[in-house]
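As structure tokens, the structure follows; a few thoughts come after it.
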2 protein chains.
Amino acid sequence: MPSKEEAGPGHFPFPEEGRRRVVIEGVWPEIDGGRFAAKRVVGERLVVQADIFGDGHDEVAALLLYRHQSEQQWRKTPMRPLVNDRWEGSFVPTEIGTYLYTLAGRIDHFETWKHDLAKKLDAGRNLEIDILIGAQMIETAAERAGDDSENLLRYVERLKEAPDDPSALAIASEELLSELMAIHHDPKMTTHYEKELRLTVDRERALFSAWYEFFPRSVCSGDEGHGTFAECEKLLPEIARMGFDIVYFPPIHPIGLTFRKGKNNSTTAAQDDPGSPWAIGAPDGGHKAIHPELGTLEDFENFVAAAAGYGIEVAMDIAFQASPDHPYVDSNPAWFRWRPDGTVQYAENPPKKYQDIIPFDFESPEWPSMWEELTDVFRFWVERGITVFRVDNPHTKAFGFWEWAISEIKRDYPDVLFLSEAFTRPKVMYRLAKLGFSQSYTYFSWRNTAGEMEQYLRELTTAPVRDFFRPNFWPNTPDILPEFLQYGGKPAFVIRFVLASTLSASYGIYGPPFELFINGAVPGKEEYIDSEKYEVRCWDWNNPNHMRDLIAAVNAIRRENPALQSTWNVRFCRCDNDNILAYIKATDDRSNILLVAVSFDPFKPQTGKIRLPLDELGIVPGHPFLVHDLLSAENSIWHGEWNEVELSPKGMPARIFRLRPRLRREQDFDYFM
Amino acid sequence: MPSKEEAGPGHFPFPEEGRRRVVIEGVWPEIDGGRFAAKRVVGERLVVQADIFGDGHDEVAALLLYRHQSEQQWRKTPMRPLVNDRWEGSFVPTEIGTYLYTLAGRIDHFETWKHDLAKKLDAGRNLEIDILIGAQMIETAAERAGDDSENLLRYVERLKEAPDDPSALAIASEELLSELMAIHHDPKMTTHYEKELRLTVDRERALFSAWYEFFPRSVCSGDEGHGTFAECEKLLPEIARMGFDIVYFPPIHPIGLTFRKGKNNSTTAAQDDPGSPWAIGAPDGGHKAIHPELGTLEDFENFVAAAAGYGIEVAMDIAFQASPDHPYVDSNPAWFRWRPDGTVQYAENPPKKYQDIIPFDFESPEWPSMWEELTDVFRFWVERGITVFRVDNPHTKAFGFWEWAISEIKRDYPDVLFLSEAFTRPKVMYRLAKLGFSQSYTYFSWRNTAGEMEQYLRELTTAPVRDFFRPNFWPNTPDILPEFLQYGGKPAFVIRFVLASTLSASYGIYGPPFELFINGAVPGKEEYIDSEKYEVRCWDWNNPNHMRDLIAAVNAIRRENPALQSTWNVRFCRCDNDNILAYIKATDDRSNILLVAVSFDPFKPQTGKIRLPLDELGIVPGHPFLVHDLLSAENSIWHGEWNEVELSPKGMPARIFRLRPRLRREQDFDYFM
């Protein structure tokens with residue numbers, strides 16, 4: 001038989017087995033034709049759909065097959081038909097790592113025969129021959145059935161003896177027979193989907209996490225000096241009280257001196273300017289070293305251990321770029337680009353120059369050793385207890401590198417998570433997520449109307465994006481002070497905080513500027529003035545003007561309400577006021593239903609009527625239901641579809657309600673009576 | 001280096017070349033991940049789009065590569081960026097057969113350098129080093145450039161001597177340099193899309209065809225006897241006058257006697273009932289024989305030759321099923337299913353039995369010989385001059401068979417076309433088209449409101465369907481007399497005819513019942529009473545109550561107006577009357593613009609205002625333009641967006657206008673003045 005190549009394009013070789021009559025196509029999830037893995041966390045159900053059908057009108061049976069990479073045998077779960085030849089099956093992954101899944105379908109001759117038998121019986125047809133056909137089919141299955149063959153042969157006898165009346169159908173319809181016939185069908189007639197698809201299963205924190213970013217150098221004791229890890233430890237109780245589970249530091253490596261940036265991004269640094277932590281590398285070391293003023297490697301490991309004591313992980317910022325003083329520049333000059341004048345090529349965005357930063361040259365002839373070394377940077381810190389990395393500007397490094405590096409690290413340390421900081425074009429952001437990043441920064445910061453936000457969430461929470469891109473919403477970062485925060489006063493901070501923390505199961509803030517309502521910007525830009533990126537700021541943690549209590553309350557609500565622990569379950573509600581975004585977050589079983597209503601107006605009170613999808617929520621129309629305002633702890637009783645909310649910048653521009661619909665059981669009917 | 005398997009699922013081997021920084025994804029057309037070919041006809045442009053981008057901010061260059069299967073070398077055409085990293089390229093296939101296409105992308109270092117140079121020049125930066133960088137780049141390219149190296153080295157010299165001013169940029173911007181640098185880029189850095197995609201290119205008639213189906217046995221001379229091919233020849237001038245280019249016969253093979261059907265599908269046939277032509281096979285022969293009463297094989301070949309003289313092809317109906325008397329039943333009993341009582345299994349849809357028809361068993365252990373023989377049926381008739389096949393119920397035969405059989409036939413006879421008669425579920429119909437059928441029957445017959453029709457056309461004419469499924473619209477068939485035709489009188493026939501022939505470039509009618517307005521149905525069904533399927537009907541070709549002149553007019557309009565020769569260019573217009581469907585059909589260059597307006601009401605006159613997309617049509621708003629009514633030959637002058645049409649069941653319930661917008665050239669300004 002000629003191979004496909006020999007036969008020429010478009011010509012199909014004679015198949016080995018031409019009797020597999022079922023077709024499987026339109027499988028989802030199948031990212032880029034199976035090129036990339038879909039993503040789930042442990043305990044999060046993967047629903048697989050496909051178009052499955054045979055020629056003619058016979059009954060079809062289909063299975064979803066799946067296994068953890070460590071398993072040899074496929075697990076099988078039946079799929080069920082939805083409508084229009086679409087089938088669905090699902091499983092809940094229980095282990096971190098890679099799962100494989102695929103599908104199988106076959107003509108179900110036995111079920112077809114049974115259905116036809118019933119129809120013929122109804123029509124009063126003589127069934128003698130048909131009963132024999134079924135008996136023959138069972139007899140053939142018995143030949144394949146091993147231990148079950150005796151059971152099957154007993155059915156053959158019973159059918160052969162059955163009279164031509166409903167009793168034959170009764171025998172044929174016995175559950176055991178159907179089960180045995182499903183198990184012992186002819187395997188060579190089964191169509192196996194041609195691809196084995198991959199699912200990356202991460203631990204729960206890949207989906208549900210609250211990040212707190214701060215500059216350790218700004219955590220100064222009494223005096224105004226450079227902060228240390230030891231000082232940072234003292235903040236842990238308060239960060240834990242606020243309810244964060246990831247603390248994330250900007251780079252903590254030695255900072256270059258050559259072309260060091262001064263305050264407010266000045267190209268000339270004063271003698272005592274500390275420089276940007278992203279200008280990584282000095283004679284003291286590079287990406288595997290600790291900036292001496294912050295402490296020692298041991299101090300850092302102590303901090304990580306102390307954080308763990310509070311259930312907090314430390315996320316490290318990995319920025320693959322070098323200061324001109326980075327040891328790599330001497331040890332591995334081929335990793336960088338050199339100019340005809342013998343100087344190393346600095347970063348630029350013409351006509352702007354960023355001379356304090358040297359990019360790695362991903363077209364270097366020595367790229368293999370560079371890939372190995374950069375991957376080893378992750379390995380170095382994983383070995384020191386780090387399991388979460390925030391990757392700086394991954395979109396300016398070769399895509400192929402990320403796919404390989406992340407898979408290398410995850411093979412050896414499957415619980416490691418990577419957050420992609422790619423503020424760039426959508427296709428690029430999505431590609432990085434497909435390549436393996438566990439979470440990604442988003443355009444959240446620039447969605448400033450309820451309509452924009454709803455539209456963006458729809459994109460993020462539906463296929464295909466939903467299956468490979470896990471958003472992490474940040475109202476601010478050291479690089480981004482959005483206009484909304486600059487001009488909206490404190491209510492703007494509350495609004496953006498509640499949106500980030502309830503729309504996305506993963507979110508983060510850059511503090512203390514966030515909780516202290518810091519909103520001073522470089523004129524005309526969305527950047528902080530006097531940014532910590534270029535100087536040590538000594539934030540006053542005792543300043544009473546902060547929103548730490550609200551943060552603590554919302555993080556507690558997130559932990560207590562599983563509906564907020566998924567990003568995919570948002571369901572927007574109609575509201576008669578365009579300034580208000582209202583959405584339901586509910587668990588699949590509806591045991592936990594929240595309604596969040598947020599005003600996008602930080603200046604004036606807004607009132608709106610919100611339409612609840614009562615039917616979807618299992619609420620009996622017309623019956624009252626209890627509504628807890630989880631932030632104010634007030635209760636109210638609502639009824640009907642449309643309910644009014646009042647949101648005020650001075651009081652609360654956002655509300656999180658828990659709805660407690662009356663259950664539809666008789667014994668609950670006296671609940672309100 | 002470990003292979004992907006050795007490395008484990010989800011783990012990526014170290015690549016051979018890690019410096020290919022461009023990514024190509026989201027390619028379209030790419031049917032089912034490249035599993036199936038897209039379709040075009042000769043001369044029909046294939047537009048290929050893809051997301052193409054690199055890391056960082058460098059310029060990207062991309063090529064579309066394509067070749068006919070008979071060519072070794074790829075042809076290349078540049079792609080151009082649209083928006084948001086989406087790129088587009090196209091080519092026009094000129095040969096029948098299979099084309100392959102794929103894409104290539106690379107970082108364009110030279111263009112990046114040129115752009116940066118311009119920006120730096122604007123900013124007044126010193127360019128000395130940058131000019132040297134460019135010169136170096138050109139020097140490296142010269143090493144790869146063979147005959148062009150001298151030209152390139154001349155640029156190196158000129159650049160090195162250029163002063164630090166705009167003259168350097170002028171040299172760098174010379175077209176020849178850009179061309180040479182594009183040709184001699186470093187090929188090892190180019191990303192090739194990982195798939196070679198297939199395009200099936202058919203001859204033009206696969207897209208643009210007008211079919212006329214009739215039962216040759218009903219073409220009787222003076223007496224009421226059985227028609228013959230010789231009699232059929234006499235109809236050819238009139239069929240040609242009507243403008244059809246394909247004549248299609250129901251099966252012309254010997255008809256079985258056992259369980260032969262009588263008039264109106266009766267299970268008992270009278271002595272002289274001719275039987276259904278779909279009950280194929282008798283002692284006289286099967287799928288390769290001619291029913292003796294129609295004539296001999298030679299008569300048939302004569303008819304085919306005579307039709308060819310009128311530019312008409314003959315389409316043959318291939319129905320893979322047998323009467324109990326088919327020679328195959330004896331010669332190849334294993335191709336059928338046998339019942340325990342020793343009888344052969346007839347077709348059934350329980351509780352209904354179709355005992356005159358025996359299906360082939362596609363699960364036969366002797367399926368290979370059956371596939372070969374069934375494919376040989378096509379080959380047999382191709383060798384006798386048939387190049388178009390209408391395949392009966394392909395959805396009740398194994399999908400795998402069609403893919404193989406069609407590719408076998410098209411390999412040897414690439415101009416053969418296959419029409420799929422699968423009136424079944426959408427996924428099944430689409431699958432058959434993907435497997436290789438050139439055209440497909442559709443749901444057209446049951447789309448009876450303007451809204452339904454528009455929605456259906458949108459589905460058919462946009463991706464993905466548009467790229468593999470070519471519709472063929474039939475207002476009626478021997479199996480289908482839609483309710484609309486049963487109750488709507490003559491205007492209903494006109495309406496459905498104009499819709500079919502102008503919405504789809506391929507359409508067909510089953511005549512003479514269609515042009516004679518025959519609308520008698522089996523009560524409560526969409527089937528003809530006294531159907532030709534079960535008896536000889538002697539249609540009166542001299543009956544003056546027919547619509548043959550309208551058919552001739554519309555087919556002439558189709559031939560004269562290239563806008564009607566494509567199905568994909570339909571553009572629906574807003575209309576203030578829901579009973580009217582209005583659509584523009586225009587060629588890409590707008591040299592041929594038609595407006596079709598059809599009332600869906602066969603009973604009452606309908607008037608509606610239609611909004612023309614003036615801007616898309618190149619019509620200057622406010623300027624008058626000439627409108628020819630191609631059916632009435634009346635002219636009018638319209639101006640403005642909204643224009644009224646009147647459609648009347650008594651006059652014409654459908655209009656085909658040719659719009660002749662004034663060209664936007666000065667010299668045409670006196671056209672109306």
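As shown in the structure tokens, the chain order sets the letters A, B, ...; within each chain, residues go from 1, and ligands are also counted from 1 in the order they appear.
The environment of Gly227 of chain A within 9 Å, counting only C-alpha atoms and disregarding residues fewer than 2 places along the same chain, consists of A:Phe215, A:Pro216, A:Arg217, A:Ser218, A:Val219, A:Cys220, A:Ser221, A:Glu224, A:Gly225, A:Phe229, A:Ala230, A:Glu231, A:Cys232, A:Glu293, A:Leu294, A:Val536, A:Cys538.
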* Using only C-alpha atoms, determine which residues of chain A fall within 6 Å of chain B; present them as a list in words. =>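 Here is what falls inside 6 Å: His11, Phe12, Arg19, Arg21, Gly33, Asp55, Gly56, Asp116, Lys119, Lys120, Pro350, Pro351, Glu363, His395, Thr396, Lys397, Ala398, Trp404 and Ser407 of chain A.
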* Members of segment 177-425 of chain A assigned helix (DSSP H, G or I) by DSSP, as a PyMOL selection string -> chain A and resi 177-183+187-189+204-206+216-218+229-242+263-265+292-294+297-309+327-331+333-335+367-382+394-396+399-412
